[in-house]
Structure formats: C-alpha cells, structure tokens
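run-v1.cif follows (mmCIF, C-alpha atoms):
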data_target
loop_
_atom_site.label_atom_id
_atom_site.label_comp_id
_atom_site.auth_asym_id
_atom_site.auth_seq_id
_atom_site.Cartn_x
_atom_site.Cartn_y
_atom_site.Cartn_z
CA MET W 25 149.53 -143.51 -162.13
CA ARG W 26 152.11 -141.06 -163.15
CA ARG W 27 149.59 -139.24 -165.17
CA SER W 28 147.21 -138.91 -162.31
CA THR W 29 149.94 -137.62 -160.08
CA ALA W 30 150.74 -134.98 -162.60
CA ALA W 31 147.12 -134.10 -162.78
CA ALA W 32 147.04 -133.77 -159.04
CA VAL W 33 150.06 -131.54 -159.08
CA GLY W 34 148.54 -129.35 -161.70
CA THR W 35 145.34 -129.27 -159.82
CA LEU W 36 147.03 -128.39 -156.61
CA THR W 37 148.91 -125.59 -158.19
CA GLY W 38 145.63 -124.30 -159.41
CA ALA W 39 144.25 -124.63 -155.95
CA ALA W 40 147.10 -122.79 -154.42
CA LEU W 41 146.46 -120.01 -156.85
CA ILE W 42 142.89 -119.87 -155.83
CA VAL W 43 143.81 -119.96 -152.22
CA GLY W 44 146.08 -117.06 -152.82
CA VAL W 45 148.93 -118.35 -150.78
CA ARG W 46 152.48 -117.38 -151.44
CA LEU W 47 152.99 -120.87 -152.44
CA SER W 48 155.31 -123.58 -153.18
CA VAL W 49 153.35 -126.71 -153.46
CA SER W 50 155.19 -129.78 -152.46
CA VAL W 51 154.03 -133.19 -153.39
CA PRO W 52 156.97 -135.34 -152.55
CA GLU W 53 156.20 -138.22 -154.86
CA ALA W 54 155.77 -136.03 -157.88
CA PRO W 55 158.77 -136.31 -160.17
CA VAL W 56 158.19 -132.93 -161.65
CA ALA W 57 158.49 -129.72 -159.79
CA ALA W 58 155.35 -127.74 -159.50
CA PRO W 59 154.64 -126.31 -162.91
CA PRO W 60 155.72 -122.75 -163.25
CA ALA W 61 153.37 -120.17 -161.97
CA PRO W 62 155.75 -117.29 -161.78
CA ALA W 63 153.32 -114.52 -161.18
CA ALA W 64 151.57 -116.46 -158.50
CA ASN W 65 154.71 -117.04 -156.55
CA GLU W 66 155.26 -113.35 -156.17
CA GLN W 67 151.76 -112.25 -155.70
CA PRO W 68 150.33 -111.62 -152.29
CA ALA W 69 146.89 -112.95 -151.85
CA SER W 70 144.16 -110.94 -153.33
CA ASN W 71 141.50 -112.31 -151.11
CA GLY W 72 143.12 -112.55 -147.79
CA GLU W 73 145.22 -114.98 -145.87
CA ALA W 74 145.94 -118.51 -146.64
CA GLY W 75 142.97 -119.84 -144.91
CA ALA W 76 140.69 -117.47 -146.70
CA ALA W 77 140.27 -120.64 -148.57
CA ASP W 78 137.76 -121.58 -145.95
CA LYS W 79 135.50 -120.10 -148.47
CA PRO W 80 136.17 -122.25 -151.44
CA SER W 81 136.55 -120.38 -154.59
CA THR W 82 135.57 -122.36 -157.58
CA LYS W 83 136.81 -120.52 -160.52
CA PRO W 84 139.61 -122.51 -161.92
CA THR W 85 140.29 -121.08 -165.31
CA GLY W 86 141.08 -124.23 -167.16
CA LYS W 87 144.48 -122.77 -167.76
CA ALA W 88 145.86 -124.97 -165.09
CA PRO W 89 149.21 -126.37 -166.01
CA ALA W 90 147.67 -129.82 -166.11
CA GLU W 91 146.72 -128.96 -169.63
CA LYS W 92 150.21 -129.81 -170.63
CA LYS W 93 149.45 -133.42 -169.97
CA PRO W 94 147.05 -135.34 -172.12
CA ALA W 95 143.57 -135.16 -170.77
CA GLU W 96 142.32 -138.28 -169.17
CA ASP W 97 138.76 -138.00 -170.16
CA GLU W 98 136.32 -135.26 -170.84
CA GLY W 99 137.66 -132.76 -168.39
CA LYS W 100 141.09 -131.56 -167.60
CA PHE W 101 141.37 -133.31 -164.30
CA LYS W 102 141.06 -136.75 -162.97
CA ASN W 103 137.94 -137.32 -161.00
CA GLY W 104 138.32 -137.84 -157.31
CA THR W 105 139.38 -136.06 -154.20
CA PHE W 106 142.95 -134.98 -153.91
CA LYS W 107 144.66 -133.98 -150.76
CA ALA W 108 147.96 -132.37 -150.21
CA ASP W 109 149.77 -130.02 -147.98
CA ALA W 110 150.62 -126.68 -149.46
CA LYS W 111 153.60 -125.13 -147.80
CA TYR W 112 153.82 -121.44 -147.61
CA VAL W 113 155.99 -119.08 -145.77
CA TYR W 114 154.19 -119.29 -142.45
CA GLY W 115 153.18 -122.86 -142.32
CA THR W 116 151.40 -125.63 -144.06
CA ILE W 117 147.78 -125.83 -145.02
CA SER W 118 145.93 -128.95 -145.96
CA LEU W 119 144.22 -128.67 -149.27
CA SER W 120 141.47 -130.92 -150.44
CA LEU W 121 140.24 -130.78 -153.98
CA LYS W 122 137.22 -132.43 -155.35
CA VAL W 123 137.11 -133.05 -159.07
CA THR W 124 133.97 -134.21 -160.75
CA GLY W 125 133.37 -134.45 -164.46
CA GLY W 126 136.97 -133.49 -164.98
CA LYS W 127 136.48 -130.11 -163.42
CA ILE W 128 137.33 -128.78 -160.01
CA ALA W 129 134.14 -128.91 -158.04
CA SER W 130 135.46 -127.56 -154.79
CA VAL W 131 138.59 -126.57 -153.00
CA GLN W 132 138.81 -126.74 -149.27
CA ALA W 133 141.74 -125.53 -147.28
CA GLY W 134 142.17 -126.17 -143.62
CA TYR W 135 143.83 -123.94 -141.16
CA PRO W 136 147.61 -124.13 -141.10
CA THR W 137 148.68 -127.39 -139.53
CA ALA W 138 152.14 -126.28 -138.69
CA ASN W 139 153.73 -122.95 -138.31
CA ASP W 140 156.44 -121.10 -136.56
CA SER W 141 154.87 -120.86 -133.17
CA GLY W 142 153.27 -124.24 -133.26
CA THR W 143 150.57 -122.97 -130.95
CA ILE W 144 147.99 -121.56 -133.28
CA ASN W 145 146.69 -124.82 -134.58
CA PRO W 146 144.83 -126.83 -132.03
CA PRO W 147 143.56 -130.00 -133.61
CA ALA W 148 139.91 -129.21 -133.32
CA ILE W 149 138.88 -127.18 -136.30
CA GLU W 150 135.33 -126.21 -135.89
CA ALA W 151 133.80 -123.08 -137.23
CA LEU W 152 131.36 -121.05 -135.31
CA LYS W 153 127.75 -121.70 -136.15
CA ALA W 154 125.92 -119.52 -138.60
CA ALA W 155 123.70 -116.99 -136.91
CA THR W 156 121.27 -114.36 -137.96
CA LEU W 157 122.28 -110.77 -138.23
CA GLU W 158 119.37 -108.55 -137.56
CA ALA W 159 119.32 -105.03 -136.34
CA GLN W 160 117.61 -104.63 -133.05
CA SER W 161 117.13 -101.92 -130.55
CA ALA W 162 117.05 -103.11 -127.04
CA ASP W 163 117.14 -102.10 -123.48
CA VAL W 164 120.78 -102.47 -122.53
CA ASP W 165 123.19 -101.18 -119.91
CA ALA W 166 126.24 -100.93 -122.10
CA VAL W 167 127.26 -101.28 -125.72
CA SER W 168 130.27 -103.17 -126.99
CA GLY W 169 131.65 -102.01 -130.28
CA ALA W 170 134.69 -100.81 -132.09
CA THR W 171 134.35 -97.30 -130.79
CA LEU W 172 137.82 -96.00 -131.05
CA THR W 173 137.65 -92.33 -130.50
CA SER W 174 135.86 -89.93 -128.24
CA GLU W 175 134.11 -88.50 -131.26
CA ALA W 176 132.80 -91.89 -132.26
CA TYR W 177 131.63 -92.36 -128.70
CA LEU W 178 129.63 -89.16 -128.82
CA LYS W 179 127.70 -90.41 -131.81
CA GLY W 180 127.19 -93.83 -130.35
CA LEU W 181 124.64 -95.59 -128.27
CA GLN W 182 126.79 -95.71 -125.17
CA ALA W 183 126.77 -91.92 -124.98
CA ALA W 184 123.01 -91.91 -125.09
CA LEU W 185 122.87 -94.58 -122.41
CA ASP W 186 125.24 -92.60 -120.20
CA LYS W 187 123.10 -89.52 -120.56
CA ALA W 188 120.09 -91.52 -119.58
CA ALA W 189 121.79 -93.12 -116.59
CA LYS W 190 121.10 -91.82 -113.13
CA MET V 176 126.05 -93.83 -110.50
CA ARG V 177 127.51 -93.17 -113.88
CA HIS V 178 130.65 -91.27 -114.82
CA VAL V 179 132.20 -90.73 -118.23
CA GLU V 180 135.90 -89.96 -118.37
CA GLN V 181 137.82 -88.92 -121.45
CA VAL V 182 141.09 -90.78 -121.18
CA MET V 183 143.35 -93.00 -123.31
CA GLY V 184 141.98 -91.32 -126.41
CA THR V 185 138.51 -92.60 -125.82
CA ALA V 186 135.52 -92.23 -123.58
CA VAL V 187 135.32 -94.53 -120.59
CA SER V 188 131.93 -95.07 -118.99
CA ILE V 189 132.07 -96.18 -115.39
CA GLU V 190 129.08 -97.48 -113.49
CA ALA V 191 129.73 -98.02 -109.79
CA SER V 192 127.95 -97.34 -106.57
CA SER V 193 130.41 -94.96 -104.92
CA GLU V 194 132.08 -91.75 -105.98
CA ALA V 195 135.29 -92.77 -104.28
CA TRP V 196 135.46 -95.95 -106.30
CA ILE V 197 134.85 -94.08 -109.51
CA ALA V 198 137.57 -91.58 -108.57
CA ASP V 199 139.98 -94.45 -107.97
CA VAL V 200 139.27 -95.91 -111.41
CA VAL V 201 139.68 -92.52 -113.07
CA ALA V 202 143.01 -91.90 -111.33
CA TRP V 203 144.29 -95.31 -112.33
CA LEU V 204 143.30 -94.89 -115.97
CA HIS V 205 145.11 -91.56 -116.17
CA GLU V 206 148.17 -93.13 -114.58
CA VAL V 207 148.07 -95.84 -117.24
CA ASP V 208 147.64 -93.25 -119.97
CA ALA V 209 150.65 -91.27 -118.74
CA ARG V 210 152.79 -94.39 -118.74
CA PHE V 211 151.65 -96.07 -121.94
CA SER V 212 150.37 -93.42 -124.31
CA THR V 213 152.24 -93.29 -127.58
CA TYR V 214 150.96 -89.74 -127.96
CA LYS V 215 152.76 -88.45 -124.88
CA ASP V 216 156.37 -87.76 -125.58
CA ASP V 217 157.55 -88.57 -122.06
CA SER V 218 155.52 -91.75 -121.59
CA GLU V 219 157.48 -94.79 -120.55
CA VAL V 220 156.55 -96.49 -123.82
CA ASN V 221 158.09 -93.69 -125.84
CA ARG V 222 161.15 -93.42 -123.63
CA PHE V 223 161.65 -97.16 -123.94
CA GLN V 224 161.23 -96.90 -127.70
CA ARG V 225 163.93 -94.22 -127.77
CA ARG V 226 166.12 -96.44 -125.56
CA GLU V 227 166.18 -93.87 -122.80
CA VAL V 228 165.06 -96.57 -120.40
CA ASP V 229 166.80 -99.89 -120.36
CA ALA V 230 164.96 -103.13 -119.87
CA ALA V 231 166.27 -103.56 -116.35
CA SER V 232 164.71 -100.35 -115.08
CA LEU V 233 161.26 -100.71 -116.57
CA SER V 234 158.29 -100.33 -114.28
CA PRO V 235 156.57 -103.53 -113.21
CA ASP V 236 153.48 -102.53 -115.20
CA MET V 237 155.53 -101.92 -118.32
CA ARG V 238 157.32 -105.22 -117.86
CA HIS V 239 153.98 -106.96 -117.46
CA VAL V 240 152.54 -105.36 -120.59
CA LEU V 241 155.59 -106.22 -122.70
CA ASP V 242 155.56 -109.81 -121.46
CA LYS V 243 151.86 -110.21 -122.18
CA CYS V 244 152.17 -108.66 -125.63
CA ALA V 245 154.94 -111.13 -126.43
CA GLU V 246 152.89 -114.01 -125.09
CA LEU V 247 149.84 -113.03 -127.11
CA TRP V 248 151.94 -112.46 -130.21
CA LYS V 249 153.13 -116.03 -129.90
CA PHE V 250 149.76 -117.50 -129.03
CA THR V 251 148.02 -115.77 -131.93
CA GLY V 252 150.69 -116.80 -134.39
CA GLY V 253 151.76 -113.20 -134.82
CA TYR V 254 148.35 -111.75 -135.54
CA PHE V 255 148.29 -109.77 -132.33
CA ASP V 256 151.30 -107.57 -132.81
CA ALA V 257 152.27 -104.61 -130.66
CA TYR V 258 154.80 -103.74 -133.35
CA ALA V 259 152.35 -104.00 -136.25
CA ALA V 260 152.70 -100.32 -137.04
CA GLY V 261 156.48 -100.30 -136.65
CA PRO V 262 157.34 -98.73 -133.32
CA LEU V 263 156.11 -100.30 -130.11
CA ASP V 264 152.44 -99.58 -129.54
CA PRO V 265 150.98 -101.81 -126.85
CA SER V 266 147.71 -99.89 -126.64
CA GLY V 267 145.79 -102.84 -128.07
CA TYR V 268 146.64 -104.68 -124.88
CA VAL V 269 146.82 -101.76 -122.47
CA LYS V 270 143.24 -100.61 -122.82
CA GLY V 271 141.71 -103.97 -121.93
CA TRP V 272 144.31 -104.67 -119.28
CA SER V 273 143.87 -101.30 -117.55
CA VAL V 274 140.10 -101.83 -117.35
CA GLU V 275 140.57 -105.38 -116.12
CA VAL V 276 142.86 -104.10 -113.37
CA ALA V 277 140.46 -101.28 -112.53
CA SER V 278 137.63 -103.75 -112.15
CA ARG V 279 139.72 -105.97 -109.87
CA ARG V 280 140.62 -102.97 -107.76
CA LEU V 281 136.94 -102.17 -107.38
CA VAL V 282 136.21 -105.72 -106.31
CA SER V 283 139.04 -105.56 -103.78
CA ALA V 284 137.62 -102.32 -102.46
CA GLY V 285 134.28 -104.01 -101.92
CA SER V 286 132.36 -103.25 -105.10
CA GLU V 287 129.98 -106.06 -105.89
CA ARG V 288 128.37 -104.50 -108.89
CA HIS V 289 129.91 -102.28 -111.55
CA PHE V 290 130.92 -102.07 -115.14
CA ILE V 291 133.55 -100.15 -117.04
CA ASN V 292 133.21 -99.59 -120.76
CA ALA V 293 136.35 -98.26 -122.43
CA GLY V 294 135.59 -97.41 -126.02
CA GLY V 295 133.36 -100.43 -126.48
CA ASP V 296 135.42 -102.89 -124.44
CA ILE V 297 133.57 -103.84 -121.29
CA ARG V 298 134.38 -105.47 -117.96
CA ALA V 299 131.31 -106.12 -115.85
CA VAL V 300 130.87 -107.50 -112.36
CA GLY V 301 127.78 -108.43 -110.40
CA GLY V 302 125.19 -108.28 -113.11
CA PRO V 303 123.16 -109.34 -114.69
CA TRP V 304 124.13 -106.59 -117.07
CA ARG V 305 122.62 -106.43 -120.50
CA VAL V 306 125.34 -105.69 -123.00
CA GLY V 307 124.51 -104.88 -126.59
CA VAL V 308 126.87 -105.57 -129.47
CA ARG V 309 126.84 -102.76 -131.97
CA HIS V 310 125.46 -103.60 -135.38
CA PRO V 311 128.41 -103.40 -137.78
CA TRP V 312 126.55 -101.30 -140.34
CA GLU V 313 123.96 -99.44 -138.35
CA ALA V 314 125.58 -97.36 -135.64
CA ASP V 315 122.37 -96.86 -133.73
CA LYS V 316 121.38 -100.51 -133.73
CA LEU V 317 122.51 -103.63 -131.98
CA CYS V 318 122.93 -107.03 -133.50
CA TRP V 319 123.13 -109.07 -130.31
CA VAL V 320 122.22 -108.55 -126.69
CA LEU V 321 124.22 -110.42 -124.07
CA ALA V 322 123.60 -111.17 -120.44
CA VAL V 323 126.83 -110.71 -118.52
CA THR V 324 127.16 -111.35 -114.82
CA ASP V 325 130.88 -111.35 -114.36
CA GLY V 326 133.12 -111.09 -117.34
CA ALA V 327 134.43 -109.20 -120.31
CA VAL V 328 133.04 -108.27 -123.70
CA ALA V 329 135.45 -106.94 -126.32
CA THR V 330 134.63 -105.98 -129.88
CA SER V 331 137.02 -105.17 -132.68
CA GLY V 332 135.70 -103.99 -135.98
CA VAL V 333 136.71 -102.17 -139.10
CA TYR V 334 133.66 -99.98 -139.29
CA GLU V 335 135.09 -97.05 -137.36
CA ARG V 336 138.40 -96.61 -139.08
CA GLY V 337 137.83 -98.34 -142.35
CA ALA V 338 139.80 -101.38 -143.38
CA HIS V 339 142.90 -100.37 -141.50
CA VAL V 340 143.40 -103.35 -139.29
CA TRP V 341 146.70 -104.74 -140.37
CA ASN V 342 147.32 -108.34 -141.27
CA PRO V 343 150.94 -108.56 -140.15
CA ARG V 344 151.57 -111.73 -142.13
CA LEU V 345 150.37 -110.41 -145.43
CA GLY V 346 151.68 -106.95 -144.74
CA ALA V 347 148.36 -105.64 -145.96
CA PRO V 348 145.09 -104.48 -144.50
CA ALA V 349 143.02 -107.28 -143.06
CA THR V 350 139.94 -108.22 -145.02
CA GLY V 351 137.11 -110.65 -144.60
CA LEU V 352 135.67 -109.78 -141.21
CA ARG V 353 133.81 -106.66 -140.28
CA SER V 354 133.31 -107.21 -136.59
CA VAL V 355 134.55 -109.68 -133.98
CA THR V 356 133.21 -109.86 -130.43
CA VAL V 357 134.86 -112.03 -127.78
CA THR V 358 133.54 -112.69 -124.29
CA GLY V 359 135.45 -114.29 -121.45
CA PRO V 360 136.97 -113.90 -118.03
CA ASP V 361 139.74 -111.41 -118.83
CA LEU V 362 139.16 -108.26 -120.87
CA ALA V 363 142.81 -107.84 -121.89
CA VAL V 364 142.83 -111.33 -123.38
CA ALA V 365 139.37 -111.07 -124.94
CA ASP V 366 140.35 -107.81 -126.60
CA ALA V 367 143.59 -109.23 -127.96
CA TYR V 368 141.76 -112.26 -129.33
CA ALA V 369 139.17 -110.09 -131.06
CA THR V 370 141.90 -108.00 -132.64
CA ALA V 371 143.86 -111.06 -133.74
CA ALA V 372 140.82 -112.73 -135.29
CA LEU V 373 139.96 -109.57 -137.17
CA ALA V 374 143.50 -109.47 -138.56
CA MET V 375 143.26 -113.10 -139.63
CA GLY V 376 140.19 -112.52 -141.72
CA GLU V 377 137.84 -115.41 -142.31
CA PRO V 378 140.22 -118.07 -140.96
CA GLY V 379 139.79 -116.24 -137.69
CA ILE V 380 136.37 -117.84 -137.36
CA ALA V 381 137.85 -121.31 -137.07
CA TRP V 382 140.54 -120.01 -134.80
CA LEU V 383 138.03 -118.40 -132.46
CA ALA V 384 136.22 -121.72 -132.20
CA THR V 385 139.33 -123.22 -130.66
CA LEU V 386 139.28 -120.66 -127.85
CA VAL V 387 135.95 -121.82 -126.50
CA ALA V 388 137.78 -124.47 -124.48
CA ASP V 389 139.51 -121.67 -122.56
CA GLY V 390 136.26 -119.90 -121.77
CA TYR V 391 136.31 -117.36 -124.58
CA GLU V 392 133.10 -117.30 -126.63
CA SER V 393 132.72 -115.26 -129.76
CA ALA V 394 130.56 -113.81 -132.48
CA VAL V 395 131.68 -112.69 -135.90
CA VAL V 396 130.19 -110.73 -138.77
CA THR V 397 131.88 -111.07 -142.14
CA ASP V 398 132.33 -108.35 -144.73
CA ASP V 399 129.43 -109.80 -146.65
CA ALA V 400 127.13 -109.77 -143.63
CA ARG V 401 127.21 -113.40 -142.64
CA ALA V 402 127.10 -113.88 -138.91
CA PHE V 403 128.51 -116.63 -136.71
CA THR V 404 128.36 -117.32 -133.00
CA SER V 405 129.92 -119.91 -130.76
CA ASP V 406 127.53 -122.16 -128.87
CA GLY V 407 128.20 -120.59 -125.52
CA PHE V 408 128.03 -116.96 -126.63
CA PRO V 409 126.02 -115.53 -123.73
CA LEU V 410 122.96 -114.26 -125.55
CA ALA V 411 120.32 -112.72 -123.34
CA SER V 412 117.08 -114.56 -123.49
#

What is this structure when it is put down as structure tokens?
Amino acid sequence: MRRSTAAAVGTLTGAALIVGVRLSVSVPEAPVAAPPAPAANEQPASNGEAGAADKPSTKPTGKAPAEKKPAEDEGKFKNGTFKADAKYVYGTISLSLKVTGGKIASVQAGYPTANDSGTINPPAIEALKAATLEAQSADVDAVSGATLTSEAYLKGLQAALDKAAK
Amino acid sequence: MRHVEQVMGTAVSIEASSEAWIADVVAWLHEVDARFSTYKDDSEVNRFQRREVDAASLSPDMRHVLDKCAELWKFTGGYFDAYAAGPLDPSGYVKGWSVEVASRRLVSAGSERHFINAGGDIRAVGGPWRVGVRHPWEADKLCWVLAVTDGAVATSGVYERGAHVWNPRLGAPATGLRSVTVTGPDLAVADAYATAALAMGEPGIAWLATLVADGYESAVVTDDARAFTSDGFPLAS
C-alpha cells in the first residue's frame, strides 16, 4: 500500500512536470513530501498554462523519482488510474494518470477546480467540438478578425468589401 | 450606405441607412477616443493614470469602463486584464463597448438595420448579415461564415501582431491558440471573452464552452490548425 502511494506520488510529480505547472503536489496521505524536483519548481511552463495539459503529453522520461522505490513489476509505475489534485499558485487542477504496463499511458488535467476568484470554474467542463478548418471565399457583408491597425485593415477583406459597398 | 472612419487606431466600417446616423456614430467614436486613448496625453485615461483626476470626479463613462474591466478581470480569473501591460489600458474593453453603445444609439434613433465593424469586431442589427471569420493563416480567406441577425461577433487572434497576447498568470506571451471568435448579445463582453480565451491558451477552449449557457458561442483555431466550434455557433447555411 505504502509502496503504491509512493509510486503515485512519484507519478504525480512526473505529471506535474509534464503539465508544466509551478507545482507543489500535495497528496495528503503520502508520508513523504513530493520528491525533489528543484528545477521544476522554479520553471515556468514551457508549453503554456496549467491546463495546457488538456493536451496530454506522454513523454515521461523514466527518470521519475519513483525510481527510488523498488519497481513493482516490469515498469516503473503501478498499473491503474491515479487521481490527485495538484495545487499551484493560482488554484488546483485535477490530474488523472493512467498507467499501463508500468508506464504512463496518459495524463489528463482538468481545468482548475478552485482559484482565487472562484468564478472561473463552472462545473460543466465540456470542450468545444472539433470542426473543420478550410479556407473559403464567400459572399459576406463584413469580416471579423484580429485586424488591429488601419494598415492591416487596408490589406484585409473588409476594406475590399467597403470599396464594393454602395 | 457605407462609411469608413479612421478612429481609435483602427478602421471602423459603418453600414447604416442614413447619413445623420452615421455622423452620430462617428462623433461618438471620436468622443470615446478622446476620452480613452492611451496615445493622447490629455485623455481621461492618461490623466487618471497620472492621478490628475481623482476617482470621485471621473466621468460616468470612465467609471463604467473601470467597473466593467474589474468585473471582467474577476470573471475571467484575471485573464482579461486592463493592466496587463502595466499602466491602465482599457482599450480591450473600450472598443467593443463603444461600438455596442453606438449600435444602441442607432436603434434608439430608429435604425432597424445596420452594422458597425471596428477592426474586426462587429455589432450587427436587423440582418440577416453574413459575417465571415478571417482565416487565421490566409488573410484573404475566410474559415467560417456566420448568419447574424442581431448580435456581436468578436475575434481575437495572434496573427496580426505575432504572439504578443500576454498571459498575465504566466507573465509570458500566450501560446496555444491562434484565433478565437465569440458571438453573443454584447460586443464588449464577447470581445473581452475572446481576448481572455486567447490569453488562456488551450484551456480557453473548455472555458469558452462554459459561456454557452450565457448566450456566448465560440469558435477556436489552435496554433497547430485544429478547429473547434460550440454547438450553437451561428454558421450560415
């Protein structure tokens, strides 16, 4: 039991690294503090915000601190799905790790479940549906876009539409 | 008839059926620019920033804008931030708000059909108007066409100024999303939501999905060209 907890802690630390959160993982029942990951604690995310973990990265390097504990079986981690809350400076994100064959198969991180304002996290977490991105020309009245300057406007479709307008 | 006015650092296209109405919109937008421009030394925003105006003597418009910026800052968990660049710069709210107000003024004056497009942020009334969303890589192409009868379409993207949308929480440029479009009843709000989602990066997709309940639909294109839309995103048939 203890061993598996340690494995989970190690795993979670690994996950937090992947997630790129300024982390301090807290797993209350774990007797050991999160294994040291000094660089990680300082490092801002390289791939975005906490929840960038929406896109699970699956490149655990095997150098996860869990190595310090005897391996349970073939892999470095105990098979199963592990869940925990990773606290970081702006809130808490739920992490879910799936380990198969002793290796991390996937890492999922939800949106922060608690934060300073307490208003950003409605319970329903539902991503928008995948859509196709295809260039099209069409007969339109106006164009919405990130046109920030007058110069950009001049080169844009809206300028052409305005010229064509009566 | 169509009029294009250079104001607030961008081009504003106004489609309305009377010259007087267009003139009213133009006058209002210049009034807003004079009050809120961070580029004009004597604007109220800059005087407030320099503490030459105290909070008690702010104009009602300025008070409104500051209140709304604070409200949106809170609602977006800090991702919409009028102080992101350091000094107060509420222009991310002011542009959408000023167009929203202009559109309401037109309606009050009797206009049943018009649209105002301020640098890609649109408020339309009395359509159906066909509104294209600019393709995030091909400036002369669209990626979606919407049918808008009465509402707002706001797009924020990194393609015009590079990856310079700030993620205020990371203290680093936002990454992950290339373009975010939000539709809904109020342009000021839609615009702020689009900006906030862009700053969030990919988690912004899940966040946008939670806004559907309030009537704000959205479409997103990620840096790696994946596209997402909410169910009610008003695509033209």

Contacts of stretch 226-228 of chain V within 12 Å, all atoms listed in the file, excl. fewer than 5 positions in-chain, as a compact mmCIF listing (two decimals) with C-alpha atoms, in the coordinates of the input:
# COMPACT_ATOMS: atom_id res chain seq x y z
CA ASP V 216 156.37 -87.76 -125.58
CA ASP V 217 157.55 -88.57 -122.06
CA SER V 218 155.52 -91.75 -121.59
CA GLU V 219 157.48 -94.79 -120.55
CA VAL V 220 156.55 -96.49 -123.82
CA ASN V 221 158.09 -93.69 -125.84
CA LEU V 233 161.26 -100.71 -116.57
CA SER V 234 158.29 -100.33 -114.28
CA MET V 237 155.53 -101.92 -118.32
CA ARG V 238 157.32 -105.22 -117.86
CA PRO V 262 157.34 -98.73 -133.32
CA LEU V 263 156.11 -100.30 -130.11

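Considering the residues W:Tyr177, W:Ala155, W:Ser168, W:Lys187 and counting all atoms listed in the file, V:Gly184 has its shortest atom-to-atom contact with W:Tyr177.
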
Subject >> Counting only C-alpha atoms, chain V residues within 7 Å of chain W, as a ChimeraX atom specification >> reply: /V:176-177,184-186,249-252,294-297,304-310,314-318,328-332,335,345,350,375-378,380-381,384-385,402-405

Hey, can you spit out that residue selection with C-alpha atoms as a short mmCIF file (atom, residue, chain, number, x, y, z; two decimals), in the frame of the given file?
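Written out: result_36.cif:
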data_model
loop_
_atom_site.label_atom_id
_atom_site.label_comp_id
_atom_site.auth_asym_id
_atom_site.auth_seq_id
_atom_site.Cartn_x
_atom_site.Cartn_y
_atom_site.Cartn_z
CA MET V 176 126.05 -93.83 -110.50
CA ARG V 177 127.51 -93.17 -113.88
CA GLY V 184 141.98 -91.32 -126.41
CA THR V 185 138.51 -92.60 -125.82
CA ALA V 186 135.52 -92.23 -123.58
CA LYS V 249 153.13 -116.03 -129.90
CA PHE V 250 149.76 -117.50 -129.03
CA THR V 251 148.02 -115.77 -131.93
CA GLY V 252 150.69 -116.80 -134.39
CA GLY V 294 135.59 -97.41 -126.02
CA GLY V 295 133.36 -100.43 -126.48
CA ASP V 296 135.42 -102.89 -124.44
CA ILE V 297 133.57 -103.84 -121.29
CA TRP V 304 124.13 -106.59 -117.07
CA ARG V 305 122.62 -106.43 -120.50
CA VAL V 306 125.34 -105.69 -123.00
CA GLY V 307 124.51 -104.88 -126.59
CA VAL V 308 126.87 -105.57 -129.47
CA ARG V 309 126.84 -102.76 -131.97
CA HIS V 310 125.46 -103.60 -135.38
CA ALA V 314 125.58 -97.36 -135.64
CA ASP V 315 122.37 -96.86 -133.73
CA LYS V 316 121.38 -100.51 -133.73
CA LEU V 317 122.51 -103.63 -131.98
CA CYS V 318 122.93 -107.03 -133.50
CA VAL V 328 133.04 -108.27 -123.70
CA ALA V 329 135.45 -106.94 -126.32
CA THR V 330 134.63 -105.98 -129.88
CA SER V 331 137.02 -105.17 -132.68
CA GLY V 332 135.70 -103.99 -135.98
CA GLU V 335 135.09 -97.05 -137.36
CA LEU V 345 150.37 -110.41 -145.43
CA THR V 350 139.94 -108.22 -145.02
CA MET V 375 143.26 -113.10 -139.63
CA GLY V 376 140.19 -112.52 -141.72
CA GLU V 377 137.84 -115.41 -142.31
CA PRO V 378 140.22 -118.07 -140.96
CA ILE V 380 136.37 -117.84 -137.36
CA ALA V 381 137.85 -121.31 -137.07
CA ALA V 384 136.22 -121.72 -132.20
CA THR V 385 139.33 -123.22 -130.66
CA ALA V 402 127.10 -113.88 -138.91
CA PHE V 403 128.51 -116.63 -136.71
CA THR V 404 128.36 -117.32 -133.00
CA SER V 405 129.92 -119.91 -130.76
#

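Near V:Ile291, within 7 Å and counting only C-alpha atoms, sit Val187, Ser188, Ile189, Glu190, Val274, Ile297, Arg298 and Ala299 of chain V, not including residues fewer than 3 positions from it in the same chain.
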
**OP:** Might you pull out every residue within 7 Å of V:Pro311, with all atoms listed in the file counted and same-chain residues fewer than 4 positions away left off, and present them as a list in words?
**Re:** Tyr334, Arg353 and Ser354 of chain V

Original post:
Got a sec: who's within 7 Å of V:Glu287, counting all atoms listed in the file, leaving out chain neighbours fewer than 5 positions off, as a PyMOL selection string?
Top reply: chain V and resi 282+300-301

**OP:** Would you kindly identify which residues have an atom no farther than 8 Å from (137.6, -113.1, -127.9), using all atoms listed in the file and the file's own coordinates, and write them out as an NGL selection string?
**Re:** :V and (328-330 or 355-359 or 364-369 or 383 or 386 or 391-393)

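With all atoms listed in the file as the basis for measurement, V:Pro303 is the residue among V:Pro303, V:Ala327, V:Thr397, V:Ala371 that approaches V:Ser412 most closely.
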
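Atom CA of V:Ser192 sits 27.2 Å away from atom CA of V:Tyr268.
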
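The coordinates place atom CA of V:Glu180 at 9.6 Å from atom CA of V:His205.
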
Subject >> Coordinates-based distance that separates atom CA of V:Leu204 from atom CA of V:Lys270 (Å, one decimal) >> reply: 8.9 Å

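Distances here use all atoms listed in the file; by that measure, the residue among V:Asp399, V:Pro409, V:Ser273, V:Ala363 closest to V:Asp325 is V:Pro409.
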
**OP:** Name the residues, using the chain letters and numbers of the file, that sit within 7 Å of (153.0, -103.5, -142.4) when counting all atoms listed in the file, and give them as a PyMOL selection string.
**Re:** chain V and resi 259-260+341+343+346-347

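Close contacts of V:Val207, defined as residues with an atom at most 9 Å away when counting only C-alpha atoms, with chain neighbours fewer than 4 positions off set aside, comprise Met183, Ala202, Trp203, Phe211, Ser212, Asp236, Val269, Lys270 and Ser273 of chain V.
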
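Selection check: the PyMOL selection byres ((chain V and resi 256) around 9) on the shown file gives Cys244, Ala245, Leu247, Trp248, Thr251, Gly253, Tyr254, Phe255, Ala257, Tyr258, Ala259, Ala260, Asp264, Pro265, Gly267, Pro343 and Ala371 of chain V.
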
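The residue that comes closest to V:Val333, out of V:Val240, V:Val387, V:Leu352, V:Ala231 and on the basis of only C-alpha atoms, is V:Leu352.
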